[in-house]
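Below is one structure, written out as structure tokens; comments come after it.
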Amino acid sequence: MGDSFTEGMNDAYPDGSYRGWADLVAARLAVEAGPDFGYANLAVRGKLLDQVVADQLEPALAMQPSLVSFAAGGNDILRRKVEPRSLVERMDPVVGRLREAGADVILFRFADVTAHLPGQRFMSPRAAVLNNGADELAARHGAHVIDLFGDDVFHHPVMWSPDRLHMSPAGHRRVAAHVLNTLGVGVEEDWLLVPPVPAPTPWLLARSADLRWAGQHLAPWIRRRLAGASSGDLVTAKRPELAPIDALA
């Protein structure tokens, strides 16, 4: 359950569809669980917390899952007006219902994406409330917490795609490794390898890169906000029903 983080942007299969950490985790769990293992991914890019809950909670419960990941709220804290504490309060009954249904639940302390984006001084405190809320919910309901914020490797630019908001393939592999380690399942060692830190970019080149990023990624995002549109308006869940993992692209 979730948004672009769980849908898998920007980690593409050869056919252009998105893979991401959740597909990687599911493929590894299927090896452990055998032929009866089923995997669904209801996440859709651009969705706000309330949309995730409204569109995905009941379908998820109907599948009678044994394990559910729930990652939402990241798009909310990018909005101009949001009360981050209310996000945590609205997540509480969702996690409660999943646990009452017998599912183990995975929550996330998100990596610090704000360091790469404008408006850091506004977003960082909001992200901190959301991350601390994950700890609170996990303690209250008995859920797993994947602490990406505490992993300094996510400060490495190679972990992020050119849009500076979504993870790169290397970032998704590292998230998958954290999830699998938390679940007590072995991982591919190269998923946790740390690439060399690149040399500092000269100031002028860095500013040129910032301008290109603003034109290619920030401006379209602003236009969608002004129009009341979302990147996920015409997107549906890539795996809306439980299916064997060999059905992956």
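The chains in the structure tokens are called A, B, ... from first to last as shown; in each chain the residues are counted from 1, and the ligands are counted from 1 in the order shown.
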
Excluding stretch 26-34 of chain A and its own-chain neighbours fewer than 4 positions away, which residues fall within 7 Å of it when counting only C-alpha atoms? Please give them as number ranges by chain.
A: 22, 39, 245

Keeping only all heavy atoms, write the selected residues as a PDB file, in the first residue's frame.
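Writing the result to selection.pdb gives the following:
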ATOM      1  N   ALA A  22       9.662  -3.203  -3.627  1.00  0.00           N
ATOM      2  CA  ALA A  22       8.625  -4.160  -3.236  1.00  0.00           C
ATOM      3  C   ALA A  22       8.648  -5.403  -4.127  1.00  0.00           C
ATOM      4  O   ALA A  22       8.485  -6.532  -3.647  1.00  0.00           O
ATOM      5  CB  ALA A  22       7.249  -3.495  -3.277  1.00  0.00           C
ATOM      6  N   TYR A  39       1.595 -12.145  -4.407  1.00  0.00           N
ATOM      7  CA  TYR A  39       2.043 -10.768  -4.194  1.00  0.00           C
ATOM      8  C   TYR A  39       1.135  -9.815  -4.943  1.00  0.00           C
ATOM      9  O   TYR A  39       0.806 -10.029  -6.111  1.00  0.00           O
ATOM     10  CB  TYR A  39       3.488 -10.627  -4.678  1.00  0.00           C
ATOM     11  CG  TYR A  39       3.993  -9.222  -4.884  1.00  0.00           C
ATOM     12  CD1 TYR A  39       3.947  -8.270  -3.865  1.00  0.00           C
ATOM     13  CD2 TYR A  39       4.546  -8.844  -6.106  1.00  0.00           C
ATOM     14  CE1 TYR A  39       4.437  -6.988  -4.072  1.00  0.00           C
ATOM     15  CE2 TYR A  39       5.046  -7.567  -6.315  1.00  0.00           C
ATOM     16  CZ  TYR A  39       4.987  -6.633  -5.293  1.00  0.00           C
ATOM     17  OH  TYR A  39       5.473  -5.369  -5.492  1.00  0.00           O
ATOM     18  N   ILE A 245       4.538 -14.832  -8.067  1.00  0.00           N
ATOM     19  CA  ILE A 245       5.607 -13.897  -8.375  1.00  0.00           C
ATOM     20  C   ILE A 245       6.138 -14.087  -9.786  1.00  0.00           C
ATOM     21  O   ILE A 245       6.695 -13.172 -10.387  1.00  0.00           O
ATOM     22  CB  ILE A 245       6.746 -14.023  -7.355  1.00  0.00           C
ATOM     23  CG1 ILE A 245       7.585 -12.744  -7.312  1.00  0.00           C
ATOM     24  CG2 ILE A 245       7.590 -15.242  -7.597  1.00  0.00           C
ATOM     25  CD1 ILE A 245       6.853 -11.543  -6.856  1.00  0.00           C
TER      26      ILE A 245
END

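Those residues that approach A:Leu137 to within 9 Å, counting only C-alpha atoms, are Val88, Met91, Asp92, Val95, Gly96, Leu107, Asn132, Gly142 and Ala143 of chain A; same-chain residues fewer than 5 positions away are not listed.
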
DSSP on the backbone: which residues in stretch 4-249 of chain A end up as alpha helix (DSSP H)? Give the answer as a PyMOL selection string.
chain A and resi 4-7+20-33+49-62+84-100+120-141+169-182+203-213+219-227

Please, which residues of stretch 136-176 of chain A, numbered as in this document, come out strand (DSSP E or B) from DSSP, as a PyMOL selection string?
chain A and resi 144-147+160+167

Residues within 7 Å of A:Asp3, please, as a ChimeraX atom specification. Count only C-alpha atoms; anything in the same chain fewer than 6 positions from it doesn't count.
/A:43-47,72

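Atom pair atom CA of A:Val113 / atom CA of A:Ser17: separated by 23.2 Å.
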
I'd like the neighbourhood of A:Gly20 as a VMD selection string, where a residue qualifies if any of its atoms comes within 8 Å (using only C-alpha atoms), though same-chain residues fewer than 3 positions away should be ignored.
chain A and resid 5 to 12 23 to 24 169 172 to 173

For A:Leu87, which residue out of A:Ala139, A:Ala127, A:Leu211, A:Ala170 is the nearest one, using only C-alpha atoms?
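Among the listed residues, the smallest separation from A:Leu87 belongs to A:Ala127.
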
I'd like the neighbourhood of A:Leu57 as a short mmCIF file (atom, residue, chain, number, x, y, z; two decimals) with N, CA and C atoms, in the first residue's frame, where a residue qualifies if any of its atoms comes within 10 Å (using only C-alpha atoms), though same-chain residues fewer than 3 positions away should be ignored.
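Result file is selection33.cif:
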data_model
loop_
_atom_site.label_atom_id
_atom_site.label_comp_id
_atom_site.auth_asym_id
_atom_site.auth_seq_id
_atom_site.Cartn_x
_atom_site.Cartn_y
_atom_site.Cartn_z
N MET A 1 0.84 -1.18 0.00
CA MET A 1 0.00 0.00 0.00
C MET A 1 0.88 1.23 0.00
N GLY A 2 0.52 2.22 -0.84
CA GLY A 2 1.30 3.42 -0.81
C GLY A 2 1.28 4.22 -2.09
N LEU A 42 -0.61 -2.41 -4.61
CA LEU A 42 -1.71 -1.48 -4.85
C LEU A 42 -1.25 -0.03 -4.96
N GLN A 51 -6.09 9.31 0.10
CA GLN A 51 -6.38 8.57 -1.12
C GLN A 51 -5.86 7.13 -1.04
N VAL A 52 -4.69 6.97 -0.47
CA VAL A 52 -4.15 5.63 -0.28
C VAL A 52 -5.09 4.80 0.58
N VAL A 53 -5.54 5.38 1.67
CA VAL A 53 -6.44 4.66 2.58
C VAL A 53 -7.77 4.34 1.89
N ALA A 54 -8.35 5.34 1.23
CA ALA A 54 -9.65 5.15 0.60
C ALA A 54 -9.61 4.12 -0.51
N ALA A 60 -6.86 -4.37 0.17
CA ALA A 60 -5.80 -5.10 0.85
C ALA A 60 -6.36 -6.06 1.88
N LEU A 61 -7.31 -5.61 2.68
CA LEU A 61 -7.91 -6.48 3.69
C LEU A 61 -8.65 -7.65 3.07
N ALA A 62 -9.27 -7.42 1.92
CA ALA A 62 -10.03 -8.49 1.25
C ALA A 62 -9.13 -9.63 0.81
N PHE A 70 3.02 -0.52 4.42
CA PHE A 70 2.19 0.68 4.37
C PHE A 70 3.11 1.89 4.44
N VAL A 94 -5.50 2.68 10.46
CA VAL A 94 -5.16 1.83 9.32
C VAL A 94 -4.25 0.70 9.78
N VAL A 95 -3.20 1.06 10.51
CA VAL A 95 -2.29 0.03 11.01
C VAL A 95 -3.03 -0.90 11.96
N ARG A 97 -6.23 -1.75 11.95
CA ARG A 97 -7.09 -2.69 11.21
C ARG A 97 -6.28 -3.80 10.54
N LEU A 98 -5.14 -3.44 9.98
CA LEU A 98 -4.29 -4.46 9.34
C LEU A 98 -3.80 -5.48 10.36
#

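Of the listed residues A:Leu180, A:Asp190, A:Arg126, A:Asp36, the one whose atoms come nearest to A:Asp246 is A:Asp36, with distances taken using only C-alpha atoms.
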